[in-house]
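*Asks:* Below you'll find my_file-v6.pdb; it's PDB, C-alpha atoms.
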ATOM      1  CA  MET A 202     148.343  44.239  -3.872
ATOM      2  CA  LYS A 203     149.142  40.706  -4.953
ATOM      3  CA  GLY A 204     152.885  40.347  -4.622
ATOM      4  CA  PRO A 205     154.636  37.002  -4.997
ATOM      5  CA  GLU A 206     152.745  33.787  -5.570
ATOM      6  CA  VAL A 207     152.011  31.540  -2.621
ATOM      7  CA  ALA A 208     154.651  29.050  -3.833
ATOM      8  CA  TRP A 209     157.396  31.565  -2.933
ATOM      9  CA  TYR A 210     156.151  31.640   0.641
ATOM     10  CA  LEU A 211     156.192  27.846   0.684
ATOM     11  CA  GLY A 212     159.817  27.935  -0.451
ATOM     12  CA  VAL A 213     160.738  30.238   2.440
ATOM     13  CA  ALA A 214     158.830  27.931   4.803
ATOM     14  CA  ALA A 215     160.749  24.894   3.525
ATOM     15  CA  PHE A 216     164.074  26.672   3.985
ATOM     16  CA  LEU A 217     163.145  27.729   7.524
ATOM     17  CA  PHE A 218     162.127  24.188   8.404
ATOM     18  CA  THR A 219     165.398  22.707   7.153
ATOM     19  CA  THR A 220     167.404  25.419   8.910
ATOM     20  CA  GLY A 221     165.732  24.440  12.164
ATOM     21  CA  ALA A 222     166.344  20.750  11.445
ATOM     22  CA  VAL A 223     170.072  21.407  10.942
ATOM     23  CA  GLY A 224     170.145  23.301  14.228
ATOM     24  CA  VAL A 225     168.474  20.455  16.100
ATOM     25  CA  LEU A 226     170.874  17.929  14.584
ATOM     26  CA  ILE A 227     174.225  19.696  14.976
ATOM     27  CA  ARG A 228     173.895  21.694  18.209
ATOM     28  CA  ARG A 229     174.406  20.164  21.645
ATOM     29  CA  SER A 230     173.116  22.898  23.930
ATOM     30  CA  PRO A 231     169.460  22.133  24.803
ATOM     31  CA  LEU A 232     168.690  25.865  24.807
ATOM     32  CA  ILE A 233     169.723  26.239  21.167
ATOM     33  CA  ILE A 234     167.898  23.023  20.272
ATOM     34  CA  LEU A 235     164.715  24.584  21.683
ATOM     35  CA  LEU A 236     165.349  27.748  19.656
ATOM     36  CA  SER A 237     165.820  25.633  16.512
ATOM     37  CA  LEU A 238     162.565  23.824  17.273
ATOM     38  CA  GLU A 239     160.859  27.199  17.322
ATOM     39  CA  ILE A 240     162.257  27.883  13.840
ATOM     40  CA  MET A 241     160.858  24.559  12.583
ATOM     41  CA  LEU A 242     157.428  25.310  14.061
ATOM     42  CA  ASN A 243     157.449  28.748  12.492
ATOM     43  CA  GLY A 244     158.289  27.271   9.102
ATOM     44  CA  ALA A 245     155.242  25.027   9.406
ATOM     45  CA  ASN A 246     153.166  28.011  10.508
ATOM     46  CA  LEU A 247     154.219  30.013   7.460
ATOM     47  CA  ALA A 248     153.223  27.132   5.169
ATOM     48  CA  LEU A 249     149.830  26.862   6.898
ATOM     49  CA  ILE A 250     149.115  30.570   6.568
ATOM     50  CA  ALA A 251     150.294  30.648   2.941
ATOM     51  CA  MET A 252     147.937  27.801   2.048
ATOM     52  CA  ALA A 253     145.120  29.516   3.950
ATOM     53  CA  ARG A 254     145.685  32.507   1.646
ATOM     54  CA  HIS A 255     145.729  30.208  -1.385
ATOM     55  CA  THR A 256     142.470  28.445  -0.569
ATOM     56  CA  GLY A 257     140.748  31.468   0.958
ATOM     57  CA  ASN A 258     139.847  29.367   4.003
ATOM     58  CA  LEU A 259     140.498  30.589   7.534
ATOM     59  CA  GLY A 260     141.179  27.066   8.824
ATOM     60  CA  GLY A 261     144.909  27.393   8.153
ATOM     61  CA  GLN A 262     145.187  30.496  10.309
ATOM     62  CA  ILE A 263     143.243  28.783  13.107
ATOM     63  CA  PHE A 264     145.655  25.862  12.866
ATOM     64  CA  ALA A 265     148.615  28.256  13.030
ATOM     65  CA  LEU A 266     147.252  29.785  16.234
ATOM     66  CA  ALA A 267     146.861  26.293  17.727
ATOM     67  CA  VAL A 268     150.483  25.556  16.769
ATOM     68  CA  MET A 269     151.531  28.742  18.593
ATOM     69  CA  ALA A 270     149.753  27.541  21.749
ATOM     70  CA  VAL A 271     151.452  24.159  21.521
ATOM     71  CA  ALA A 272     154.821  25.881  20.979
ATOM     72  CA  ALA A 273     154.294  28.010  24.087
ATOM     73  CA  SER A 274     153.489  24.884  26.120
ATOM     74  CA  GLU A 275     156.543  23.124  24.735
ATOM     75  CA  VAL A 276     158.772  26.058  25.711
ATOM     76  CA  VAL A 277     157.401  26.046  29.266
ATOM     77  CA  VAL A 278     158.100  22.354  29.748
ATOM     78  CA  GLY A 279     161.420  22.429  27.894
ATOM     79  CA  LEU A 280     162.771  25.393  29.831
ATOM     80  CA  GLY A 281     161.570  23.775  33.069
ATOM     81  CA  LEU A 282     163.553  20.671  32.183
ATOM     82  CA  ILE A 283     166.651  22.711  31.335
ATOM     83  CA  VAL A 284     166.466  24.638  34.619
ATOM     84  CA  ALA A 285     166.009  21.350  36.503
ATOM     85  CA  MET A 286     169.095  19.973  34.724
ATOM     86  CA  ALA A 287     171.121  23.060  35.628
ATOM     87  CA  ARG A 288     170.020  22.910  39.269
ATOM     88  CA  ARG A 289     171.220  19.332  39.552
ATOM     89  CA  HIS A 290     174.581  20.480  38.152
ATOM     90  CA  LEU A 291     174.305  18.425  34.985
ATOM     91  CA  ASP A 292     176.180  19.634  31.928
ATOM     92  CA  LEU A 293     173.968  21.429  29.425
ATOM     93  CA  ASP A 294     174.928  18.967  26.689
ATOM     94  CA  VAL A 295     172.362  16.602  25.224
ATOM     95  CA  ASP A 296     175.067  14.077  24.304
ATOM     96  CA  LYS A 297     175.811  13.560  27.998
ATOM     97  CA  LEU A 298     172.199  12.836  28.943
ATOM     98  CA  SER A 299     172.570   9.097  28.507
ATOM     99  CA  THR A 300     171.116   7.744  31.759
ATOM    100  CA  LEU A 301     168.068   6.318  29.974
ATOM    101  CA  ARG A 302     170.161   4.540  27.348
ATOM    102  CA  GLY A 303     169.324   0.838  27.336
TER     103      GLY A 303
ATOM    104  CA  MET B 151     153.533  50.289  -8.549
ATOM    105  CA  GLY B 152     151.876  48.720  -5.514
ATOM    106  CA  ASN B 153     152.961  45.323  -6.747
ATOM    107  CA  VAL B 154     156.621  46.406  -6.863
ATOM    108  CA  LEU B 155     156.345  47.681  -3.317
ATOM    109  CA  VAL B 156     154.884  44.365  -2.115
ATOM    110  CA  TRP B 157     157.688  42.492  -3.851
ATOM    111  CA  ALA B 158     160.295  44.744  -2.233
ATOM    112  CA  VAL B 159     158.812  44.200   1.232
ATOM    113  CA  TRP B 160     158.592  40.465   0.570
ATOM    114  CA  VAL B 161     162.221  40.189  -0.519
ATOM    115  CA  GLY B 162     163.398  42.156   2.515
ATOM    116  CA  ALA B 163     161.328  40.155   4.973
ATOM    117  CA  ALA B 164     162.168  36.789   3.398
ATOM    118  CA  PHE B 165     165.923  37.389   3.402
ATOM    119  CA  ALA B 166     165.817  38.775   6.942
ATOM    120  CA  CYS B 167     163.902  35.665   7.936
ATOM    121  CA  LEU B 168     166.360  33.228   6.326
ATOM    122  CA  GLY B 169     169.446  35.125   7.482
ATOM    123  CA  SER B 170     168.311  35.367  11.084
ATOM    124  CA  GLY B 171     167.341  31.691  11.009
ATOM    125  CA  ILE B 172     170.867  30.743   9.998
ATOM    126  CA  ALA B 173     172.220  33.153  12.629
ATOM    127  CA  VAL B 174     170.218  31.381  15.355
ATOM    128  CA  ILE B 175     171.883  28.042  14.698
ATOM    129  CA  SER B 176     175.386  29.515  14.131
ATOM    130  CA  PHE B 177     175.951  31.733  17.163
ATOM    131  CA  THR B 178     178.008  30.283  19.998
ATOM    132  CA  ASN B 179     176.424  32.551  22.582
ATOM    133  CA  PRO B 180     172.771  31.520  23.200
ATOM    134  CA  PHE B 181     171.917  35.114  24.066
ATOM    135  CA  TYR B 182     172.732  36.207  20.501
ATOM    136  CA  SER B 183     170.798  33.212  19.170
ATOM    137  CA  ALA B 184     167.704  34.284  21.090
ATOM    138  CA  LEU B 185     168.055  37.866  19.808
ATOM    139  CA  ALA B 186     168.369  36.547  16.234
ATOM    140  CA  LEU B 187     165.225  34.480  16.791
ATOM    141  CA  ILE B 188     163.363  37.652  17.789
ATOM    142  CA  GLY B 189     164.404  39.157  14.430
ATOM    143  CA  ASN B 190     163.262  35.970  12.709
ATOM    144  CA  LEU B 191     159.839  36.167  14.366
ATOM    145  CA  GLY B 192     159.480  39.844  13.494
ATOM    146  CA  SER B 193     160.233  39.304   9.810
ATOM    147  CA  LEU B 194     157.842  36.334   9.796
ATOM    148  CA  ALA B 195     155.139  38.645  11.145
ATOM    149  CA  VAL B 196     155.744  40.898   8.113
ATOM    150  CA  LEU B 197     155.259  37.883   5.825
ATOM    151  CA  TYR B 198     152.024  37.061   7.660
ATOM    152  CA  LEU B 199     150.817  40.611   7.065
ATOM    153  CA  LEU B 200     151.518  40.214   3.333
ATOM    154  CA  LEU B 201     149.369  37.054   3.439
ATOM    155  CA  SER B 202     146.518  39.097   5.018
ATOM    156  CA  ALA B 203     146.791  37.291   8.345
ATOM    157  CA  GLU B 204     146.690  40.392  10.524
ATOM    158  CA  PHE B 205     145.551  38.724  13.716
ATOM    159  CA  VAL B 206     148.147  35.949  13.493
ATOM    160  CA  ALA B 207     150.871  38.547  12.876
ATOM    161  CA  ALA B 208     149.809  40.475  15.974
ATOM    162  CA  ALA B 209     149.648  37.285  18.029
ATOM    163  CA  GLN B 210     153.086  36.300  16.737
ATOM    164  CA  VAL B 211     154.625  39.566  17.931
ATOM    165  CA  LEU B 212     152.776  39.567  21.254
ATOM    166  CA  ILE B 213     153.042  35.906  22.232
ATOM    167  CA  TYR B 214     156.287  34.806  20.598
ATOM    168  CA  ALA B 215     158.488  37.862  20.408
ATOM    169  CA  GLY B 216     156.944  39.170  23.624
ATOM    170  CA  ALA B 217     156.165  36.450  26.128
ATOM    171  CA  VAL B 218     158.026  33.353  24.946
ATOM    172  CA  MET B 219     161.272  35.091  24.057
ATOM    173  CA  VAL B 220     161.328  37.048  27.323
ATOM    174  CA  MET B 221     161.075  33.704  29.129
ATOM    175  CA  PHE B 222     163.908  32.357  26.978
ATOM    176  CA  LEU B 223     166.097  35.370  27.712
ATOM    177  CA  PHE B 224     165.433  35.051  31.454
ATOM    178  CA  VAL B 225     166.500  31.412  31.440
ATOM    179  CA  ILE B 226     169.585  32.167  29.333
ATOM    180  CA  ALA B 227     170.530  34.993  31.686
ATOM    181  CA  TYR B 228     170.024  32.654  34.641
ATOM    182  CA  LEU B 229     172.107  29.829  33.196
ATOM    183  CA  GLY B 230     174.843  31.993  31.714
ATOM    184  CA  GLY B 231     176.059  32.130  28.154
ATOM    185  CA  ARG B 232     177.373  28.641  27.770
ATOM    186  CA  ALA B 233     176.972  26.666  24.561
ATOM    187  CA  ASP B 234     178.903  24.531  22.141
ATOM    188  CA  ALA B 235     180.660  26.044  19.152
ATOM    189  CA  PRO B 236     178.817  24.608  16.161
ATOM    190  CA  TRP B 237     181.557  24.703  13.546
ATOM    191  CA  ALA B 238     184.600  24.333  15.792
ATOM    192  CA  GLY B 239     187.300  21.798  15.024
ATOM    193  CA  GLY B 240     186.445  21.291  11.371
ATOM    194  CA  PRO B 241     183.444  19.439  10.008
ATOM    195  CA  SER B 242     182.618  16.220  11.822
ATOM    196  CA  TRP B 243     180.758  13.323  10.233
ATOM    197  CA  GLN B 244     177.720  14.313  12.284
ATOM    198  CA  THR B 245     177.706  17.865  10.898
ATOM    199  CA  ILE B 246     178.161  16.659   7.339
ATOM    200  CA  GLY B 247     175.412  14.083   7.733
ATOM    201  CA  ALA B 248     173.027  16.585   9.303
ATOM    202  CA  VAL B 249     173.571  19.191   6.591
ATOM    203  CA  GLY B 250     173.273  16.533   3.884
ATOM    204  CA  ALA B 251     170.050  15.130   5.302
ATOM    205  CA  ALA B 252     168.558  18.597   5.712
ATOM    206  CA  GLY B 253     169.576  19.520   2.165
ATOM    207  CA  ALA B 254     167.914  16.357   0.858
ATOM    208  CA  LEU B 255     164.789  17.295   2.820
ATOM    209  CA  LEU B 256     164.811  20.800   1.351
ATOM    210  CA  VAL B 257     165.204  19.503  -2.218
ATOM    211  CA  GLU B 258     162.390  17.024  -1.632
ATOM    212  CA  ILE B 259     160.012  19.695  -0.343
ATOM    213  CA  ILE B 260     160.880  22.083  -3.192
ATOM    214  CA  VAL B 261     160.382  19.342  -5.794
ATOM    215  CA  ALA B 262     157.072  18.356  -4.211
ATOM    216  CA  ILE B 263     155.879  21.965  -4.254
ATOM    217  CA  GLY B 264     157.025  22.395  -7.850
ATOM    218  CA  LEU B 265     155.424  19.177  -9.078
ATOM    219  CA  LYS B 266     152.150  19.554  -7.233
ATOM    220  CA  ALA B 267     151.693  23.269  -7.592
ATOM    221  CA  GLY B 268     153.619  24.083 -10.744
ATOM    222  CA  GLY B 269     153.352  27.827 -10.172
ATOM    223  CA  SER B 270     149.571  27.722 -10.027
ATOM    224  CA  LEU B 271     149.347  28.704  -6.358
ATOM    225  CA  SER B 272     147.607  32.024  -6.802
ATOM    226  CA  HIS B 273     146.060  34.166  -4.105
ATOM    227  CA  ALA B 274     142.372  33.482  -3.650
ATOM    228  CA  ASP B 275     139.940  36.347  -3.866
ATOM    229  CA  VAL B 276     139.081  37.042  -0.257
ATOM    230  CA  SER B 277     137.064  39.724   1.426
ATOM    231  CA  GLU B 278     138.588  42.628   3.317
ATOM    232  CA  SER B 279     137.829  40.953   6.655
ATOM    233  CA  PHE B 280     139.883  37.828   5.885
ATOM    234  CA  GLY B 281     142.222  37.271   8.826
ATOM    235  CA  SER B 282     140.789  40.076  10.930
ATOM    236  CA  PRO B 283     140.277  39.468  14.667
ATOM    237  CA  ALA B 284     136.504  39.377  14.164
ATOM    238  CA  ALA B 285     136.706  36.691  11.484
ATOM    239  CA  ILE B 286     139.194  34.623  13.499
ATOM    240  CA  GLY B 287     137.079  34.897  16.628
ATOM    241  CA  ARG B 288     133.899  33.884  14.808
ATOM    242  CA  SER B 289     135.678  30.920  13.243
ATOM    243  CA  PHE B 290     137.143  29.867  16.588
ATOM    244  CA  LEU B 291     133.805  30.001  18.397
ATOM    245  CA  THR B 292     131.716  28.333  15.718
ATOM    246  CA  ASP B 293     133.562  25.917  13.416
ATOM    247  CA  HIS B 294     136.614  25.235  15.570
ATOM    248  CA  LEU B 295     135.162  25.320  19.074
ATOM    249  CA  LEU B 296     136.559  21.912  20.026
ATOM    250  CA  ALA B 297     140.085  22.899  18.951
ATOM    251  CA  PHE B 298     139.736  26.104  20.973
ATOM    252  CA  GLU B 299     138.748  24.233  24.140
ATOM    253  CA  ILE B 300     141.432  21.576  23.694
ATOM    254  CA  THR B 301     144.020  24.338  23.283
ATOM    255  CA  SER B 302     143.044  25.729  26.675
ATOM    256  CA  ILE B 303     143.432  22.283  28.246
ATOM    257  CA  VAL B 304     146.882  21.892  26.651
ATOM    258  CA  LEU B 305     147.963  25.259  28.060
ATOM    259  CA  LEU B 306     146.629  24.323  31.519
ATOM    260  CA  ILE B 307     148.532  21.021  31.495
ATOM    261  CA  ALA B 308     151.701  22.821  30.388
ATOM    262  CA  ALA B 309     151.323  25.334  33.227
ATOM    263  CA  VAL B 310     150.885  22.525  35.755
ATOM    264  CA  GLY B 311     153.892  20.718  34.271
ATOM    265  CA  GLY B 312     156.024  23.846  34.532
ATOM    266  CA  VAL B 313     155.087  24.297  38.193
ATOM    267  CA  VAL B 314     155.767  20.642  38.979
ATOM    268  CA  LEU B 315     159.162  20.720  37.257
ATOM    269  CA  GLY B 316     160.095  23.950  39.021
ATOM    270  CA  SER B 317     159.080  22.779  42.475
ATOM    271  CA  TYR B 318     160.861  19.460  41.996
ATOM    272  CA  ALA B 319     164.057  21.239  41.001
ATOM    273  CA  ARG B 320     163.819  23.457  44.088
ATOM    274  CA  ARG B 321     163.340  20.549  46.503
ATOM    275  CA  GLU B 322     166.266  18.782  44.863
ATOM    276  CA  HIS B 323     168.346  21.919  45.270
ATOM    277  CA  TRP B 324     167.676  21.963  49.009
ATOM    278  CA  GLY B 325     168.666  18.314  49.235
ATOM    279  CA  ALA B 326     165.374  17.275  50.854
ATOM    280  CA  ALA B 327     163.973  15.321  47.928
ATOM    281  CA  GLU B 328     164.369  11.657  47.232
ATOM    282  CA  PRO B 329     167.395  11.284  44.959
ATOM    283  CA  LEU B 330     166.919   9.793  41.533
ATOM    284  CA  ALA B 331     168.304   6.364  40.764
ATOM    285  CA  GLY B 332     171.755   6.476  39.265
ATOM    286  CA  ASP B 333     172.314  10.096  40.162
ATOM    287  CA  ARG B 334     173.982   9.923  43.524
ATOM    288  CA  PRO B 335     173.735   7.606  46.536
ATOM    289  CA  PRO B 336     170.788   8.256  48.859
ATOM    290  CA  VAL B 337     171.519  10.169  52.021
ATOM    291  CA  GLU B 338     170.926   7.963  55.062
ATOM    292  CA  GLY B 339     168.214   9.366  57.298
ATOM    293  CA  GLY B 340     167.458  12.241  54.970
ATOM    294  CA  VAL B 341     167.622  15.848  56.016
TER     295      VAL B 341
END
Let me see whether you can do it: turn the structure in this file into structure tokens.
*Replies:*
Amino acid sequence: MKGPEVAWYLGVAAFLFTTGAVGVLIRRSPLIILLSLEIMLNGANLALIAMARHTGNLGGQIFALAVMAVAASEVVVGLGLIVAMARRHLDLDVDKLSTLRG
Amino acid sequence: MGNVLVWAVWVGAAFACLGSGIAVISFTNPFYSALALIGNLGSLAVLYLLLSAEFVAAAQVLIYAGAVMVMFLFVIAYLGGRADAPWAGGPSWQTIGAVGAAGALLVEIIVAIGLKAGGSLSHADVSESFGSPAAIGRSFLTDHLLAFEITSIVLLIAAVGGVVLGSYARREHWGAAEPLAGDRPPVEGGV
């Protein structure tokens, strides 16, 4: 049960990462930007797990689990920020969040 | 025969993964985007299983597709289905630049993989227990103990941050909090 080489998985991971990057760059809704960030993190996770399979070392999978924990924390804080924005009746549009602009 | 089956599963999971990823960033309704992301996470879990990462695949389904996405869907349901239309009004310079930059990034990564690896990235010979919960747990509690403890601190800080953000938003909603500078003039005397 070998299946495709690890390089194929890395290709999928690269495509996922760039898909997420496009989403972060072109969308304006902070909710969808958070979803795109999740795609980028999952692309990195797939690359980590593929290389763990290539080297036969469990460290990559441990790292992927740590990335999952960080992603969960990021979602908690990000969604808290979005809800706080909505409660103060701000538009859910990252281009309009310019109060901190110098 | 088994190899053909693995290839078939891989092709299905990989295309489902890429297609749902593109769907996430293309839908106007954030609810559909979140549902597409659940499909993306599920097909990624299949890829993890093919890479003999059983525990990570289970954690992916439980934590991501379970807990995190439920939280996302609650917030989207609370805020309503409002979002920008990504491709409306023809391509803007920002869209073209973003797609161009991301395409350059993709080509760079693919070239780096091709040059460095050159198709020699084979699967290592691993034991049956590679990626099992027992192996992951032993690795976490022996070699990676510090990372394990730091992860718990990160989660604790995130929980505290979520509570602080939520309580601040509630006080602001009642109008009893100190207003932020530049938001609206302070109410004389307070409430």
*Asks:* Pull out every residue of chain B sitting within 7 Å of chain A, counting only C-alpha atoms, and send them as a ChimeraX atom specification.
*Replies:* /B:152-153,156-157,164,168,171-172,175,180,201,206,218,233-234,236,244-245,248-249,252,255-256,259-260,269,271-276,301,305,308,311-312,315-316,319,323
*Asks:* Save out the residues we just selected, C-alpha atoms, as a compact mmCIF listing (two decimals), keeping the file's coordinate frame.
*Replies:*
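Okay, this is what ended up in again.txt:
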# COMPACT_ATOMS: atom_id res chain seq x y z
CA GLY B 152 151.88 48.72 -5.51
CA ASN B 153 152.96 45.32 -6.75
CA VAL B 156 154.88 44.36 -2.12
CA TRP B 157 157.69 42.49 -3.85
CA ALA B 164 162.17 36.79 3.40
CA LEU B 168 166.36 33.23 6.33
CA GLY B 171 167.34 31.69 11.01
CA ILE B 172 170.87 30.74 10.00
CA ILE B 175 171.88 28.04 14.70
CA PRO B 180 172.77 31.52 23.20
CA LEU B 201 149.37 37.05 3.44
CA VAL B 206 148.15 35.95 13.49
CA VAL B 218 158.03 33.35 24.95
CA ALA B 233 176.97 26.67 24.56
CA ASP B 234 178.90 24.53 22.14
CA PRO B 236 178.82 24.61 16.16
CA GLN B 244 177.72 14.31 12.28
CA THR B 245 177.71 17.86 10.90
CA ALA B 248 173.03 16.58 9.30
CA VAL B 249 173.57 19.19 6.59
CA ALA B 252 168.56 18.60 5.71
CA LEU B 255 164.79 17.30 2.82
CA LEU B 256 164.81 20.80 1.35
CA ILE B 259 160.01 19.70 -0.34
CA ILE B 260 160.88 22.08 -3.19
CA GLY B 269 153.35 27.83 -10.17
CA LEU B 271 149.35 28.70 -6.36
CA SER B 272 147.61 32.02 -6.80
CA HIS B 273 146.06 34.17 -4.11
CA ALA B 274 142.37 33.48 -3.65
CA ASP B 275 139.94 36.35 -3.87
CA VAL B 276 139.08 37.04 -0.26
CA THR B 301 144.02 24.34 23.28
CA LEU B 305 147.96 25.26 28.06
CA ALA B 308 151.70 22.82 30.39
CA GLY B 311 153.89 20.72 34.27
CA GLY B 312 156.02 23.85 34.53
CA LEU B 315 159.16 20.72 37.26
CA GLY B 316 160.10 23.95 39.02
CA ALA B 319 164.06 21.24 41.00
CA HIS B 323 168.35 21.92 45.27
*Asks:* By how many Å are CA of Ala158 (chain B) and CA of Gly261 (chain A) apart?
*Replies:*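 Answer for the CA of Ala158 (chain B) to CA of Gly261 (chain A) separation: 25.4 Å.
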*Asks:* Quick one: axis-aligned box around all listed atoms of region 242-260 of chain B, 3 Å on every side, centre and edge lengths in Å to one decimal, written as JSON.
*Replies:*
{"center_x": 171.3, "center_y": 17.7, "center_z": 4.5, "size_x": 28.6, "size_y": 14.8, "size_z": 21.5}
*Asks:* So, counting only C-alpha atoms, which residue among B:Ser302, B:Gly189, B:Glu258, B:Leu295 is closest to Met219 (chain B)?
*Replies:*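 Closest residue, counting only C-alpha atoms: B:Gly189.
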*Asks:* Compile the contact shell of Ser282 (chain B) as an MDAnalysis selection string: residues with an atom at most 12 Å away, counting only C-alpha atoms, same-chain residues fewer than 2 positions apart removed.
*Replies:* (chainID A and resid 259 262:263) or (chainID B and resid 199 201:209 276:280 284:289)
*Asks:* Output C-alpha atoms for every residue in the selection just made, as a compact mmCIF listing (two decimals), keeping the file's coordinate frame.
*Replies:*
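Written out: result.txt:
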# COMPACT_ATOMS: atom_id res chain seq x y z
CA LEU A 259 140.50 30.59 7.53
CA GLN A 262 145.19 30.50 10.31
CA ILE A 263 143.24 28.78 13.11
CA LEU B 199 150.82 40.61 7.06
CA LEU B 201 149.37 37.05 3.44
CA SER B 202 146.52 39.10 5.02
CA ALA B 203 146.79 37.29 8.35
CA GLU B 204 146.69 40.39 10.52
CA PHE B 205 145.55 38.72 13.72
CA VAL B 206 148.15 35.95 13.49
CA ALA B 207 150.87 38.55 12.88
CA ALA B 208 149.81 40.48 15.97
CA ALA B 209 149.65 37.28 18.03
CA VAL B 276 139.08 37.04 -0.26
CA SER B 277 137.06 39.72 1.43
CA GLU B 278 138.59 42.63 3.32
CA SER B 279 137.83 40.95 6.66
CA PHE B 280 139.88 37.83 5.88
CA ALA B 284 136.50 39.38 14.16
CA ALA B 285 136.71 36.69 11.48
CA ILE B 286 139.19 34.62 13.50
CA GLY B 287 137.08 34.90 16.63
CA ARG B 288 133.90 33.88 14.81
CA SER B 289 135.68 30.92 13.24
*Asks:* Give me, please, the distance in Å between CA of Val257 (chain B) and CA of Ser242 (chain B), quoted to one decimal.
*Replies:*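 Separation between CA of Val257 (chain B) and CA of Ser242 (chain B): 22.6 Å.
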*Asks:* Measure the distance from CA of Leu185 (chain B) to CA of Leu200 (chain B) in Å and round it to one decimal.
*Replies:* 23.5 Å
*Asks:* Counting all atoms listed in the file, figure out which residue out of B:Phe181, B:Ala251, B:Ala262, B:Leu212 gets nearest to Phe224 (chain B).
*Replies:*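 Using all atoms listed in the file, Phe224 (chain B) sits closest to B:Phe181.
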*Asks:* Generate the coordinates of N, CA and C atoms for region 208-223 of chain A; report them as an mmCIF file, in the frame of the given file.
*Replies:*
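The resulting file, part.cif, is shown below:
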data_model
loop_
_atom_site.group_PDB
_atom_site.id
_atom_site.type_symbol
_atom_site.label_atom_id
_atom_site.label_comp_id
_atom_site.auth_asym_id
_atom_site.auth_seq_id
_atom_site.Cartn_x
_atom_site.Cartn_y
_atom_site.Cartn_z
ATOM 1 N N ALA A 208 153.559 30.026 -3.785
ATOM 2 C CA ALA A 208 154.651 29.050 -3.833
ATOM 3 C C ALA A 208 155.960 29.631 -3.296
ATOM 4 N N TRP A 209 156.185 30.943 -3.473
ATOM 5 C CA TRP A 209 157.396 31.565 -2.933
ATOM 6 C C TRP A 209 157.408 31.491 -1.413
ATOM 7 N N TYR A 210 156.233 31.736 -0.818
ATOM 8 C CA TYR A 210 156.151 31.640 0.641
ATOM 9 C C TYR A 210 156.440 30.211 1.093
ATOM 10 N N LEU A 211 155.936 29.238 0.314
ATOM 11 C CA LEU A 211 156.192 27.846 0.684
ATOM 12 C C LEU A 211 157.679 27.526 0.606
ATOM 13 N N GLY A 212 158.376 28.138 -0.372
ATOM 14 C CA GLY A 212 159.817 27.935 -0.451
ATOM 15 C C GLY A 212 160.535 28.470 0.778
ATOM 16 N N VAL A 213 160.146 29.673 1.216
ATOM 17 C CA VAL A 213 160.738 30.238 2.440
ATOM 18 C C VAL A 213 160.444 29.329 3.625
ATOM 19 N N ALA A 214 159.197 28.811 3.689
ATOM 20 C CA ALA A 214 158.830 27.931 4.803
ATOM 21 C C ALA A 214 159.685 26.671 4.801
ATOM 22 N N ALA A 215 159.928 26.097 3.603
ATOM 23 C CA ALA A 215 160.749 24.894 3.525
ATOM 24 C C ALA A 215 162.179 25.176 3.983
ATOM 25 N N PHE A 216 162.701 26.334 3.579
ATOM 26 C CA PHE A 216 164.074 26.672 3.985
ATOM 27 C C PHE A 216 164.154 26.873 5.494
ATOM 28 N N LEU A 217 163.151 27.533 6.073
ATOM 29 C CA LEU A 217 163.145 27.729 7.524
ATOM 30 C C LEU A 217 163.105 26.384 8.245
ATOM 31 N N PHE A 218 162.254 25.489 7.751
ATOM 32 C CA PHE A 218 162.127 24.188 8.404
ATOM 33 C C PHE A 218 163.455 23.437 8.382
ATOM 34 N N THR A 219 164.138 23.443 7.223
ATOM 35 C CA THR A 219 165.398 22.707 7.153
ATOM 36 C C THR A 219 166.474 23.396 7.975
ATOM 37 N N THR A 220 166.441 24.729 8.044
ATOM 38 C CA THR A 220 167.404 25.419 8.910
ATOM 39 C C THR A 220 167.244 24.955 10.357
ATOM 40 N N GLY A 221 165.982 24.909 10.808
ATOM 41 C CA GLY A 221 165.732 24.440 12.164
ATOM 42 C C GLY A 221 166.167 22.995 12.356
ATOM 43 N N ALA A 222 165.954 22.155 11.334
ATOM 44 C CA ALA A 222 166.344 20.750 11.445
ATOM 45 C C ALA A 222 167.862 20.627 11.582
ATOM 46 N N VAL A 223 168.604 21.429 10.811
ATOM 47 C CA VAL A 223 170.072 21.407 10.942
ATOM 48 C C VAL A 223 170.475 21.821 12.352
#
